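Enquirer: final_39.cif is the file, holding mmCIF, C-alpha atoms:
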```cif
data_target
loop_
_atom_site.label_atom_id
_atom_site.label_comp_id
_atom_site.auth_asym_id
_atom_site.auth_seq_id
_atom_site.Cartn_x
_atom_site.Cartn_y
_atom_site.Cartn_z
CA MET A 15 14.71 16.97 18.01
CA ASN A 16 13.22 13.51 18.47
CA ASN A 17 15.19 10.42 17.53
CA ALA A 18 12.76 8.94 15.01
CA ILE A 19 12.81 7.20 11.64
CA GLU A 20 10.31 6.22 8.99
CA ALA A 21 10.15 2.46 8.52
CA ASN A 22 8.76 0.74 5.44
CA PHE A 23 6.83 -2.49 5.94
CA ASP A 24 6.43 -4.29 2.61
CA GLY A 25 3.89 -6.96 1.86
CA LEU A 26 5.42 -10.32 1.00
CA VAL A 27 3.83 -11.61 -2.19
CA GLY A 28 1.69 -14.68 -1.52
CA PRO A 29 1.91 -18.13 -3.16
CA THR A 30 -1.30 -17.61 -5.18
CA HIS A 31 -0.19 -14.43 -6.98
CA ASN A 32 -2.15 -14.48 -10.25
CA TYR A 33 -3.65 -12.26 -12.93
CA SER A 34 -7.44 -12.46 -12.81
CA GLY A 35 -8.26 -8.85 -13.68
CA LEU A 36 -10.24 -8.28 -10.50
CA SER A 37 -9.71 -4.54 -10.04
CA PHE A 38 -12.07 -2.45 -12.18
CA GLY A 39 -10.49 0.97 -12.58
CA ASN A 40 -6.95 -0.42 -12.39
CA ILE A 41 -5.87 -0.49 -16.03
CA ALA A 42 -2.81 -2.69 -15.51
CA SER A 43 -4.86 -5.25 -13.61
CA GLN A 44 -7.50 -5.40 -16.34
CA SER A 45 -4.97 -5.45 -19.18
CA ASN A 46 -3.18 -8.59 -17.98
CA THR A 47 -6.22 -10.75 -17.28
CA ALA A 48 -5.60 -14.46 -17.87
CA ASN A 49 -1.86 -14.08 -18.44
CA PRO A 50 0.23 -16.63 -16.51
CA SER A 51 1.90 -15.27 -13.40
CA ASN A 52 5.10 -16.27 -11.64
CA PRO A 53 4.55 -16.21 -7.85
CA LYS A 54 8.14 -17.19 -7.13
CA ALA A 55 9.56 -14.34 -9.22
CA ALA A 56 7.05 -11.89 -7.74
CA ALA A 57 8.06 -12.74 -4.18
CA LYS A 58 11.76 -12.54 -4.99
CA GLN A 59 11.38 -9.19 -6.75
CA GLY A 60 9.70 -7.80 -3.64
CA LEU A 61 12.34 -9.24 -1.34
CA THR A 62 15.10 -7.74 -3.48
CA LYS A 63 13.58 -4.28 -3.10
CA MET A 64 13.21 -4.75 0.65
CA LYS A 65 16.82 -5.84 1.05
CA ALA A 66 18.09 -2.98 -1.10
CA LEU A 67 16.36 -0.42 1.11
CA ALA A 68 17.65 -2.14 4.24
CA ASP A 69 21.16 -2.02 2.78
CA MET A 70 20.70 1.73 2.30
CA GLY A 71 20.39 2.01 6.07
CA LEU A 72 16.61 2.25 6.20
CA VAL A 73 14.45 0.27 8.59
CA GLN A 74 12.63 -2.28 6.44
CA GLY A 75 10.00 -4.68 7.71
CA VAL A 76 7.99 -7.57 6.27
CA LEU A 77 4.23 -8.07 6.48
CA ALA A 78 3.00 -11.61 5.89
CA PRO A 79 0.60 -12.55 3.07
CA HIS A 80 -2.89 -13.89 3.76
CA GLU A 81 -4.28 -17.40 3.41
CA ARG A 82 -5.48 -17.91 -0.15
CA PRO A 83 -7.73 -19.35 -1.41
CA HIS A 84 -9.70 -18.11 1.60
CA MET A 85 -11.82 -21.11 2.44
CA PRO A 86 -13.91 -19.46 5.19
CA THR A 87 -15.24 -16.98 2.64
CA LEU A 88 -16.15 -19.75 0.19
CA ARG A 89 -17.94 -21.67 2.94
CA SER A 90 -19.82 -18.54 3.99
CA LEU A 91 -21.12 -18.32 0.42
CA GLY A 92 -22.72 -21.78 0.52
CA PHE A 93 -19.99 -24.09 -0.77
CA THR A 94 -19.82 -27.21 1.39
CA GLY A 95 -17.96 -30.44 1.97
CA SER A 96 -14.24 -31.08 2.14
CA ASP A 97 -11.79 -28.42 1.04
CA THR A 98 -11.43 -30.25 -2.28
CA ASP A 99 -15.22 -30.33 -2.69
CA VAL A 100 -15.49 -26.62 -1.96
CA LEU A 101 -12.78 -25.74 -4.49
CA GLN A 102 -14.31 -27.93 -7.19
CA GLN A 103 -17.80 -26.51 -6.62
CA ALA A 104 -16.53 -22.94 -6.73
CA ALA A 105 -14.46 -23.58 -9.85
CA LYS A 106 -17.46 -25.05 -11.63
CA LYS A 107 -20.26 -22.75 -10.46
CA ALA A 108 -18.52 -19.48 -9.57
CA PRO A 109 -14.98 -19.29 -11.00
CA LYS A 110 -14.76 -15.53 -10.56
CA ILE A 111 -15.55 -15.87 -6.87
CA LEU A 112 -12.81 -18.47 -6.58
CA ALA A 113 -10.43 -16.10 -8.34
CA ALA A 114 -11.38 -13.31 -5.96
CA VAL A 115 -10.78 -15.34 -2.79
CA SER A 116 -7.44 -16.50 -4.25
CA SER A 117 -6.05 -13.02 -4.95
CA ALA A 118 -2.65 -12.14 -3.49
CA SER A 119 -3.68 -8.47 -3.37
CA CYS A 120 -2.74 -8.11 0.30
CA MET A 121 0.86 -7.76 -0.96
CA TRP A 122 -0.01 -4.10 -1.61
CA THR A 123 0.25 -2.98 1.98
CA ALA A 124 -0.24 0.69 1.13
CA ASN A 125 -3.87 -0.40 1.34
CA ALA A 126 -3.42 -2.35 4.56
CA ALA A 127 -4.14 0.50 6.95
CA THR A 128 -3.83 4.17 7.79
CA VAL A 129 -1.07 4.90 10.30
CA SER A 130 -0.69 7.98 12.49
CA PRO A 131 2.63 8.38 14.35
CA SER A 132 2.71 9.07 18.06
CA ALA A 133 3.84 12.66 17.51
CA ASP A 134 0.46 13.40 15.90
CA THR A 135 -1.93 11.64 18.28
CA GLN A 136 -3.53 12.79 21.52
CA ASP A 137 -2.50 9.74 23.54
CA GLY A 138 1.08 9.66 22.24
CA ARG A 139 0.78 6.20 20.67
CA VAL A 140 1.11 5.03 17.07
CA HIS A 141 -2.41 4.35 15.74
CA PHE A 142 -3.40 1.78 13.11
CA THR A 143 -6.76 1.40 11.38
CA PRO A 144 -7.04 -1.45 8.83
CA ALA A 145 -8.69 -0.34 5.60
CA ASN A 146 -12.06 -1.93 4.85
CA LEU A 147 -11.45 -1.83 1.05
CA ILE A 148 -15.15 -2.38 0.44
CA ASN A 149 -15.08 -1.30 -3.20
CA LYS A 150 -13.56 -4.62 -4.29
CA PHE A 151 -14.80 -7.96 -2.96
CA HIS A 152 -11.39 -9.61 -3.19
CA ARG A 153 -9.92 -6.89 -0.97
CA ALA A 154 -12.89 -6.44 1.36
CA ILE A 155 -12.12 -9.83 2.92
CA GLU A 156 -8.64 -8.71 4.02
CA HIS A 157 -9.06 -6.39 6.99
CA THR A 158 -9.62 -8.97 9.75
CA VAL A 159 -6.37 -10.83 9.10
CA THR A 160 -4.59 -7.56 8.31
CA GLY A 161 -5.50 -6.41 11.79
CA ARG A 162 -4.09 -9.61 13.29
CA ILE A 163 -0.82 -9.22 11.37
CA LEU A 164 -0.44 -5.59 12.44
CA GLN A 165 -1.14 -6.48 16.07
CA ALA A 166 1.41 -9.31 15.92
CA THR A 167 3.97 -6.89 14.48
CA PHE A 168 3.19 -3.89 16.72
CA ALA A 169 1.98 -5.67 19.84
CA ASP A 170 2.94 -3.50 22.81
CA GLU A 171 -0.16 -1.56 23.88
CA LYS A 172 2.02 0.97 25.67
CA TYR A 173 3.21 2.22 22.28
CA PHE A 174 0.64 1.05 19.73
CA ALA A 175 -3.14 1.42 19.40
CA HIS A 176 -5.14 -0.77 17.02
CA HIS A 177 -8.62 0.07 15.76
CA ARG A 178 -11.15 -2.03 13.94
CA ALA A 179 -11.86 -1.29 10.28
CA LEU A 180 -14.62 1.22 9.55
CA PRO A 181 -18.14 -0.10 8.85
CA SER A 182 -18.15 -2.10 5.62
CA VAL A 183 -20.55 0.13 3.70
CA ASP A 184 -19.99 2.39 0.72
CA HIS A 185 -20.43 5.52 2.84
CA PHE A 186 -17.19 4.73 4.66
CA GLY A 187 -15.12 3.27 1.84
CA ASP A 188 -11.52 3.33 3.10
CA GLU A 189 -8.49 2.51 0.94
CA GLY A 190 -5.88 3.10 3.62
CA ALA A 191 -2.51 4.78 3.18
CA ALA A 192 -2.76 4.73 -0.63
CA ASN A 193 -4.80 7.91 -0.08
CA HIS A 194 -2.88 9.26 2.92
CA THR A 195 0.41 11.15 3.15
CA ARG A 196 2.19 12.65 6.13
CA PHE A 197 4.38 15.73 5.98
CA CYS A 198 6.76 16.83 8.75
CA SER A 199 10.04 18.63 9.33
CA ASP A 200 11.25 15.59 11.30
CA TYR A 201 9.65 12.16 11.69
CA GLY A 202 9.50 12.49 15.47
CA LEU A 203 7.85 15.93 15.50
CA PRO A 204 4.15 16.71 14.97
CA GLY A 205 3.25 16.63 11.29
CA ILE A 206 0.47 17.25 8.81
CA GLU A 207 -1.65 14.32 7.70
CA LEU A 208 -3.09 14.71 4.21
CA PHE A 209 -6.20 12.63 3.53
CA VAL A 210 -7.24 12.35 -0.12
CA TYR A 211 -10.74 11.17 -0.99
CA GLY A 212 -12.65 10.44 -4.15
CA LYS A 213 -16.15 11.54 -3.15
CA SER A 214 -18.37 12.58 -0.29
CA ALA A 215 -20.94 9.97 0.68
CA PHE A 216 -23.40 12.55 2.02
CA ASP A 217 -22.80 15.64 -0.11
CA SER A 218 -24.16 15.08 -3.60
CA SER A 219 -23.03 18.53 -4.71
CA GLN A 220 -19.43 17.38 -4.97
CA PRO A 221 -18.37 16.05 -8.39
CA GLU A 222 -17.69 12.35 -8.90
CA PRO A 223 -16.02 10.32 -11.67
CA ALA A 224 -18.28 9.03 -14.44
CA LYS A 225 -16.43 5.93 -15.65
CA TYR A 226 -14.63 4.37 -12.67
CA PRO A 227 -15.64 4.31 -9.01
CA ALA A 228 -14.39 6.74 -6.40
CA ARG A 229 -13.29 4.19 -3.84
CA HIS A 230 -12.53 6.41 -0.84
CA THR A 231 -14.94 8.77 0.91
CA LEU A 232 -14.40 12.00 2.79
CA GLU A 233 -16.39 10.57 5.67
CA ALA A 234 -14.01 7.61 5.99
CA SER A 235 -10.99 9.90 6.21
CA GLN A 236 -12.69 12.10 8.80
CA ALA A 237 -13.58 9.05 10.89
CA VAL A 238 -9.99 7.77 10.86
CA ALA A 239 -8.69 11.19 11.86
CA ARG A 240 -11.09 11.23 14.82
CA MET A 241 -10.22 7.70 15.92
CA HIS A 242 -6.51 8.48 15.79
CA GLY A 243 -6.98 11.58 17.92
CA LEU A 244 -5.47 13.99 15.43
CA ASN A 245 -5.35 17.73 15.94
CA GLU A 246 -7.94 19.24 13.59
CA GLN A 247 -5.50 21.95 12.49
CA ASN A 248 -3.02 19.29 11.32
CA ALA A 249 -5.43 17.14 9.29
CA VAL A 250 -6.01 18.29 5.72
CA PHE A 251 -8.71 16.78 3.47
CA VAL A 252 -8.41 17.08 -0.32
CA GLN A 253 -10.53 15.64 -3.13
CA GLN A 254 -9.06 13.71 -6.03
CA ASN A 255 -9.68 15.00 -9.54
CA PRO A 256 -12.62 12.90 -10.86
CA ASP A 257 -11.18 13.09 -14.37
CA ALA A 258 -7.94 11.53 -13.11
CA ILE A 259 -9.88 8.66 -11.53
CA ASP A 260 -11.60 8.09 -14.86
CA ALA A 261 -8.16 8.00 -16.51
CA GLY A 262 -7.10 5.11 -14.28
CA VAL A 263 -5.87 6.91 -11.14
CA PHE A 264 -7.74 4.64 -8.75
CA HIS A 265 -5.66 5.77 -5.73
CA ASN A 266 -3.93 9.05 -4.99
CA ASP A 267 -0.57 7.25 -4.81
CA VAL A 268 -0.80 6.67 -8.57
CA ILE A 269 -0.51 10.42 -9.15
CA ALA A 270 1.15 11.91 -6.04
CA VAL A 271 3.73 11.04 -3.38
CA GLY A 272 5.05 12.96 -0.40
CA ASN A 273 7.74 12.78 2.24
CA ARG A 274 8.72 15.17 5.02
CA ASN A 275 8.66 18.65 3.40
CA VAL A 276 8.14 17.57 -0.23
CA HIS A 277 4.88 17.06 -2.12
CA PHE A 278 5.52 15.60 -5.58
CA TYR A 279 2.34 15.43 -7.67
CA HIS A 280 0.80 15.85 -11.12
CA GLU A 281 -1.00 19.09 -11.92
CA LYS A 282 -4.25 17.16 -12.53
CA ALA A 283 -4.10 15.08 -9.35
CA PHE A 284 -6.53 17.16 -7.29
CA LEU A 285 -9.89 18.78 -7.87
CA ASN A 286 -8.63 22.10 -6.49
CA THR A 287 -4.84 22.25 -6.52
CA GLU A 288 -4.57 25.80 -5.24
CA LYS A 289 -6.73 25.04 -2.21
CA MET A 290 -4.62 21.94 -1.51
CA LYS A 291 -1.49 24.09 -1.50
CA GLN A 292 -3.05 26.79 0.66
CA ASP A 293 -4.36 24.28 3.20
CA LEU A 294 -1.02 22.48 3.47
CA LEU A 295 0.93 25.72 3.84
CA GLY A 296 -1.59 26.94 6.41
CA ALA A 297 -1.09 23.79 8.46
CA TRP A 298 2.69 23.93 7.95
CA GLY A 299 2.72 27.38 9.51
CA HIS A 300 5.96 29.22 10.10
CA GLN A 301 8.31 26.28 10.46
CA SER A 302 11.94 27.00 9.69
CA THR A 303 12.03 24.15 7.17
CA PRO A 304 10.68 25.30 3.78
CA PHE A 305 7.90 23.30 2.13
CA HIS A 306 8.45 22.14 -1.46
CA PHE A 307 5.66 21.64 -3.98
CA ILE A 308 6.94 19.82 -7.07
CA GLU A 309 4.11 19.97 -9.59
CA VAL A 310 4.59 17.99 -12.79
CA PRO A 311 2.92 19.74 -15.73
CA ASP A 312 0.63 17.81 -18.02
CA SER A 313 2.53 19.25 -20.96
CA ALA A 314 5.62 17.31 -19.88
CA VAL A 315 4.03 14.13 -18.50
CA SER A 316 0.40 13.28 -19.24
CA VAL A 317 -1.94 11.48 -16.86
CA LYS A 318 -1.76 8.56 -19.29
CA ASP A 319 2.04 8.57 -18.92
CA CYS A 320 1.62 8.51 -15.12
CA VAL A 321 -0.70 5.52 -15.24
CA GLN A 322 1.44 3.59 -17.72
CA SER A 323 4.74 4.20 -15.94
CA TYR A 324 3.65 4.53 -12.29
CA LEU A 325 5.95 7.53 -11.94
CA PHE A 326 4.18 8.64 -8.76
CA ASN A 327 3.64 5.17 -7.35
CA SER A 328 7.18 5.53 -6.14
CA GLN A 329 8.84 5.69 -2.75
CA LEU A 330 10.21 9.06 -1.75
CA ILE A 331 12.72 8.41 1.02
CA SER A 332 15.14 10.57 2.99
CA LYS A 333 18.88 10.08 3.28
CA ALA A 334 20.88 11.02 6.35
CA ASP A 335 22.01 14.28 4.72
CA GLY A 336 18.40 15.41 4.18
CA SER A 337 18.32 14.78 0.45
CA MET A 338 15.78 12.37 -1.01
CA ILE A 339 15.79 9.33 -3.27
CA LEU A 340 12.90 8.44 -5.57
CA VAL A 341 12.47 4.65 -5.85
CA VAL A 342 10.68 3.83 -9.11
CA PRO A 343 9.75 0.77 -11.20
CA ASN A 344 11.76 0.21 -14.37
CA GLU A 345 8.66 1.02 -16.42
CA VAL A 346 9.55 4.69 -16.00
CA GLN A 347 12.63 4.17 -18.18
CA LYS A 348 10.46 2.79 -20.95
CA ASN A 349 8.35 5.95 -21.12
CA GLU A 350 10.35 8.67 -22.86
CA ASN A 351 8.33 11.58 -21.44
CA VAL A 352 8.63 10.31 -17.89
CA TRP A 353 12.33 9.50 -18.06
CA ASN A 354 13.13 12.84 -19.66
CA TYR A 355 11.24 14.60 -16.89
CA LEU A 356 13.04 12.69 -14.13
CA THR A 357 16.41 13.38 -15.74
CA SER A 358 15.55 17.07 -15.76
CA LEU A 359 14.20 16.98 -12.19
CA LEU A 360 17.56 15.84 -10.83
CA THR A 361 19.16 19.03 -12.14
CA GLN A 362 16.65 21.29 -10.40
CA SER A 363 16.87 22.83 -6.95
CA THR A 364 14.70 20.34 -5.03
CA PRO A 365 15.47 17.83 -2.25
CA ILE A 366 15.12 14.95 -4.77
CA LYS A 367 18.70 14.17 -5.78
CA GLU A 368 18.65 10.54 -6.88
CA VAL A 369 16.45 8.00 -8.67
CA ARG A 370 16.71 4.25 -7.99
CA VAL A 371 15.09 1.83 -10.45
CA PHE A 372 13.76 -1.62 -9.51
CA ASP A 373 12.34 -4.54 -11.49
CA LEU A 374 8.85 -5.18 -10.08
CA LYS A 375 7.26 -6.52 -13.26
CA GLN A 376 5.13 -9.16 -11.54
CA SER A 377 3.54 -6.63 -9.21
CA MET A 378 3.33 -3.95 -11.90
CA SER A 379 1.46 -6.31 -14.22
CA ASN A 380 -1.27 -6.47 -11.60
CA GLY A 381 -1.28 -2.72 -11.03
CA GLY A 382 1.04 -2.16 -8.06
CA GLY A 383 4.38 -0.40 -7.96
CA PRO A 384 6.95 0.36 -5.23
CA ALA A 385 4.59 2.56 -3.21
CA CYS A 386 1.77 0.01 -3.32
CA LEU A 387 4.03 -2.60 -1.75
CA ARG A 388 4.86 -0.67 1.42
CA LEU A 389 3.18 0.71 4.53
CA ARG A 390 5.06 3.62 6.09
CA VAL A 391 5.33 3.80 9.88
CA ALA A 392 7.17 6.64 11.60
CA LEU A 393 8.70 5.33 14.82
CA LYS A 394 10.60 6.85 17.70
CA SER A 395 13.55 4.84 18.97
CA GLU A 396 11.68 3.31 21.92
CA GLU A 397 8.78 2.34 19.65
CA LEU A 398 11.11 0.71 17.15
CA ALA A 399 12.71 -1.26 19.97
CA ASN A 400 9.31 -2.63 21.00
CA ILE A 401 8.02 -3.99 17.68
CA ASN A 402 8.38 -7.62 16.61
CA GLN A 403 12.08 -7.67 15.72
CA ASN A 404 11.66 -10.92 13.76
CA THR A 405 9.86 -8.97 11.02
CA LEU A 406 12.78 -6.62 10.29
CA MET A 407 14.84 -7.23 7.17
CA ASN A 408 18.50 -8.17 7.53
CA ASP A 409 20.95 -10.51 5.80
CA ALA A 410 19.76 -13.58 7.68
CA LEU A 411 16.03 -12.94 7.15
CA PHE A 412 16.61 -12.19 3.47
CA GLN A 413 18.33 -15.54 2.99
CA THR A 414 15.72 -17.39 5.05
CA LEU A 415 12.80 -15.92 3.13
CA ASN A 416 14.40 -16.56 -0.27
CA THR A 417 14.93 -20.19 0.71
CA TRP A 418 11.35 -20.31 1.97
CA VAL A 419 10.06 -18.97 -1.37
CA ASP A 420 12.20 -21.45 -3.34
CA THR A 421 10.78 -24.29 -1.25
CA HIS A 422 7.10 -23.43 -1.40
CA TYR A 423 6.29 -21.24 -4.41
CA ARG A 424 5.38 -22.19 -7.96
CA ASP A 425 6.97 -20.43 -10.92
CA ARG A 426 3.83 -20.47 -13.07
CA LEU A 427 0.19 -19.99 -12.18
CA VAL A 428 -2.95 -19.52 -14.28
CA GLU A 429 -6.52 -19.04 -13.13
CA ALA A 430 -7.42 -22.71 -13.64
CA ASP A 431 -4.75 -23.69 -11.07
CA LEU A 432 -6.70 -21.99 -8.29
CA ALA A 433 -9.01 -25.02 -8.05
CA ASP A 434 -6.07 -27.34 -7.37
CA PRO A 435 -6.33 -28.59 -3.75
CA ASN A 436 -2.56 -29.09 -3.81
CA LEU A 437 -2.13 -25.32 -4.19
CA LEU A 438 -4.20 -24.77 -1.05
CA SER A 439 -2.14 -27.34 0.82
CA GLU A 440 1.12 -25.84 -0.41
CA SER A 441 0.02 -22.36 0.60
CA ARG A 442 -1.05 -23.39 4.07
CA GLN A 443 2.20 -25.25 4.68
CA ALA A 444 4.16 -22.21 3.53
CA LEU A 445 2.22 -19.76 5.68
CA ASP A 446 2.36 -21.97 8.75
CA GLU A 447 6.14 -22.05 8.41
CA LEU A 448 6.25 -18.29 7.80
CA THR A 449 4.43 -17.51 11.04
CA GLN A 450 7.18 -19.38 12.84
CA ILE A 451 9.94 -17.51 10.95
CA LEU A 452 8.39 -14.14 11.75
CA GLN A 453 7.08 -15.20 15.20
CA LEU A 454 3.53 -14.01 14.45
CA GLY A 455 1.54 -16.62 16.32
CA SER A 456 -1.71 -18.08 14.96
CA ILE A 457 -2.91 -15.29 12.69
CA TYR A 458 -4.58 -17.45 10.02
CA ASP A 459 -8.03 -19.04 10.18
CA PHE A 460 -6.64 -22.49 9.37
CA GLN A 461 -4.37 -22.21 12.43
CA ARG A 462 -7.23 -21.49 14.81
#
```
Can you present the structure in this file as structure tokens?
Expert:
Amino acid sequence: MNNAIEANFDGLVGPTHNYSGLSFGNIASQSNTANPSNPKAAAKQGLTKMKALADMGLVQGVLAPHERPHMPTLRSLGFTGSDTDVLQQAAKKAPKILAAVSSASCMWTANAATVSPSADTQDGRVHFTPANLINKFHRAIEHTVTGRILQATFADEKYFAHHRALPSVDHFGDEGAANHTRFCSDYGLPGIELFVYGKSAFDSSQPEPAKYPARHTLEASQAVARMHGLNEQNAVFVQQNPDAIDAGVFHNDVIAVGNRNVHFYHEKAFLNTEKMKQDLLGAWGHQSTPFHFIEVPDSAVSVKDCVQSYLFNSQLISKADGSMILVVPNEVQKNENVWNYLTSLLTQSTPIKEVRVFDLKQSMSNGGGPACLRLRVALKSEELANINQNTLMNDALFQTLNTWVDTHYRDRLVEADLADPNLLSESRQALDELTQILQLGSIYDFQR
């Protein structure tokens, strides 16, 4: 048995957190367009969740936000002059572009990358591939800085391998770990990596959604599996149900979540559920640990209920005794069907024995729940010892980051504020200080 854990690295909400309705296909994002946001509250809600998981004995890390508004992108699009000039020009001539380059969407680090633990890879290192996120402009500008942040956090090349994002074309649309789940009997032993995709870029015979885009391709998942050196027998590829995508399930983690030997999903999550189960069981083989499929029937919880409550955009985490806790947003309590189902689930013979509820309203209003906010990284003890220890949550870091947020963040932001040069200055000052707190080095363009 290997001494290994699964760490969660949450994205710290950035100072420009706002509701601009940028994510077509994400119903929550579109529904809250133009509402005022509270960046300070958003950051503190995320920090509270991080600290709570750390207090439960889990390894909890922090991933820094990006520079926003992203001035290099605005300049590359023809806006010129001083920073103030660029912001004013963009606000006047292309306000939606300004909103896009001001998004704090990098807080949802489930989309930051795909991660394969060392137990699964040919070279015995942990592999990271930043997601190109090409389906949405405001996210497609993230992967370069995401790569820098990951390399500053997992720097030792003896233990960690970093790849560049896939080509930024629709054929290789990659949404990262939001469409990737790993199953294993123990975090330090070889596991099964489940890649979920929305469409094939080269096989037109496969069905696609009609209303909303399928953001992730089969070809992207296959490329990541090759780059990470995965054993073909332990990589399983499954297509999302196109009807679920059209109902607002823009990522698989909106309708399914897995951990170790448990796959918790809605009956309409996949195009071919039976094949998914057969392929996973085939890869699982004859391990002594039984595999649990927990399939939520549509008659109990509809797809609409899933999207409204983010039941499946939850964190499924293991306790020392082998039982599991489901970490959910408090929206699940407001949906009678969902809460009744969860209450019933806790009485059933499954590894899920507890539900923890968190207030993540600021993130939820933009379409991201507990699972969106974290990137899972399985680490052996020597790998954990060789990451950037300054990024790991503890009492001191929690206090430092809360003070940092209180010092630098606004408590109200609307789209018109994005043109304020003071906001840019405030954000840069905050991020420059953060890189010193977390000892990340010069990861931002304005620092280079």
Enquirer: Could you state the separation of CA of Ala105 in chain A and CA of Ala433 in chain A in Å, given to one decimal place?
Expert: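 Separation between CA of Ala105 in chain A and CA of Ala433 in chain A: 5.9 Å.
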Enquirer: Nearest residue to Arg139 in chain A out of A:Ala297, A:Leu112, A:Ala169, A:Leu88, using only C-alpha atoms?
Expert: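 Among A:Ala297, A:Leu112, A:Ala169, A:Leu88, it is A:Ala169 that comes nearest to Arg139 in chain A.
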Enquirer: Would you kindly return, as an MDAnalysis selection string, each protein, DNA or RNA residue with an atom no farther than 12 Å from any atom of Leu411 in chain A, considering only C-alpha atoms and excluding same-chain residues fewer than 3 positions away?
Expert: chainID A and resid 61:62 64:65 68 74:76 403:408 414:418 448 451:452
Enquirer: Using the selection just defined, write its residues with C-alpha atoms as a PDB file, in the frame of the given file.
Expert:
```
ATOM      1  CA  LEU A  61      12.340  -9.240  -1.340  1.00  0.00           C
ATOM      2  CA  THR A  62      15.100  -7.740  -3.480  1.00  0.00           C
ATOM      3  CA  MET A  64      13.210  -4.750   0.650  1.00  0.00           C
ATOM      4  CA  LYS A  65      16.820  -5.840   1.050  1.00  0.00           C
ATOM      5  CA  ALA A  68      17.650  -2.140   4.240  1.00  0.00           C
ATOM      6  CA  GLN A  74      12.630  -2.280   6.440  1.00  0.00           C
ATOM      7  CA  GLY A  75      10.000  -4.680   7.710  1.00  0.00           C
ATOM      8  CA  VAL A  76       7.990  -7.570   6.270  1.00  0.00           C
ATOM      9  CA  GLN A 403      12.080  -7.670  15.720  1.00  0.00           C
ATOM     10  CA  ASN A 404      11.660 -10.920  13.760  1.00  0.00           C
ATOM     11  CA  THR A 405       9.860  -8.970  11.020  1.00  0.00           C
ATOM     12  CA  LEU A 406      12.780  -6.620  10.290  1.00  0.00           C
ATOM     13  CA  MET A 407      14.840  -7.230   7.170  1.00  0.00           C
ATOM     14  CA  ASN A 408      18.500  -8.170   7.530  1.00  0.00           C
ATOM     15  CA  THR A 414      15.720 -17.390   5.050  1.00  0.00           C
ATOM     16  CA  LEU A 415      12.800 -15.920   3.130  1.00  0.00           C
ATOM     17  CA  ASN A 416      14.400 -16.560  -0.270  1.00  0.00           C
ATOM     18  CA  THR A 417      14.930 -20.190   0.710  1.00  0.00           C
ATOM     19  CA  TRP A 418      11.350 -20.310   1.970  1.00  0.00           C
ATOM     20  CA  LEU A 448       6.250 -18.290   7.800  1.00  0.00           C
ATOM     21  CA  ILE A 451       9.940 -17.510  10.950  1.00  0.00           C
ATOM     22  CA  LEU A 452       8.390 -14.140  11.750  1.00  0.00           C
TER      23      LEU A 452
END
```
Enquirer: Could you list the residues chosen by the PyMOL selection byres ((chain A and resi 380-395) around 8) in this structure as a VMD selection string?
Expert: chain A and resid 16 to 25 33 35 40 to 44 46 60 121 to 127 129 to 132 140 191 to 192 201 to 202 267 324 327 to 329 341 to 343 374 376 to 379 396 to 399
Enquirer: Would you put the residues from that selection into a file with C-alpha atoms, as a CSV table (one decimal), keeping the file's coordinate frame?
Expert:
```csv
chain,number,residue,atom,x,y,z
A,16,ASN,CA,13.2,13.5,18.5
A,17,ASN,CA,15.2,10.4,17.5
A,18,ALA,CA,12.8,8.9,15.0
A,19,ILE,CA,12.8,7.2,11.6
A,20,GLU,CA,10.3,6.2,9.0
A,21,ALA,CA,10.2,2.5,8.5
A,22,ASN,CA,8.8,0.7,5.4
A,23,PHE,CA,6.8,-2.5,5.9
A,24,ASP,CA,6.4,-4.3,2.6
A,25,GLY,CA,3.9,-7.0,1.9
A,33,TYR,CA,-3.6,-12.3,-12.9
A,35,GLY,CA,-8.3,-8.8,-13.7
A,40,ASN,CA,-7.0,-0.4,-12.4
A,41,ILE,CA,-5.9,-0.5,-16.0
A,42,ALA,CA,-2.8,-2.7,-15.5
A,43,SER,CA,-4.9,-5.2,-13.6
A,44,GLN,CA,-7.5,-5.4,-16.3
A,46,ASN,CA,-3.2,-8.6,-18.0
A,60,GLY,CA,9.7,-7.8,-3.6
A,121,MET,CA,0.9,-7.8,-1.0
A,122,TRP,CA,0.0,-4.1,-1.6
A,123,THR,CA,0.2,-3.0,2.0
A,124,ALA,CA,-0.2,0.7,1.1
A,125,ASN,CA,-3.9,-0.4,1.3
A,126,ALA,CA,-3.4,-2.4,4.6
A,127,ALA,CA,-4.1,0.5,7.0
A,129,VAL,CA,-1.1,4.9,10.3
A,130,SER,CA,-0.7,8.0,12.5
A,131,PRO,CA,2.6,8.4,14.4
A,132,SER,CA,2.7,9.1,18.1
A,140,VAL,CA,1.1,5.0,17.1
A,191,ALA,CA,-2.5,4.8,3.2
A,192,ALA,CA,-2.8,4.7,-0.6
A,201,TYR,CA,9.6,12.2,11.7
A,202,GLY,CA,9.5,12.5,15.5
A,267,ASP,CA,-0.6,7.2,-4.8
A,324,TYR,CA,3.6,4.5,-12.3
A,327,ASN,CA,3.6,5.2,-7.4
A,328,SER,CA,7.2,5.5,-6.1
A,329,GLN,CA,8.8,5.7,-2.8
A,341,VAL,CA,12.5,4.6,-5.8
A,342,VAL,CA,10.7,3.8,-9.1
A,343,PRO,CA,9.8,0.8,-11.2
A,374,LEU,CA,8.8,-5.2,-10.1
A,376,GLN,CA,5.1,-9.2,-11.5
A,377,SER,CA,3.5,-6.6,-9.2
A,378,MET,CA,3.3,-4.0,-11.9
A,379,SER,CA,1.5,-6.3,-14.2
A,396,GLU,CA,11.7,3.3,21.9
A,397,GLU,CA,8.8,2.3,19.6
A,398,LEU,CA,11.1,0.7,17.2
A,399,ALA,CA,12.7,-1.3,20.0
```
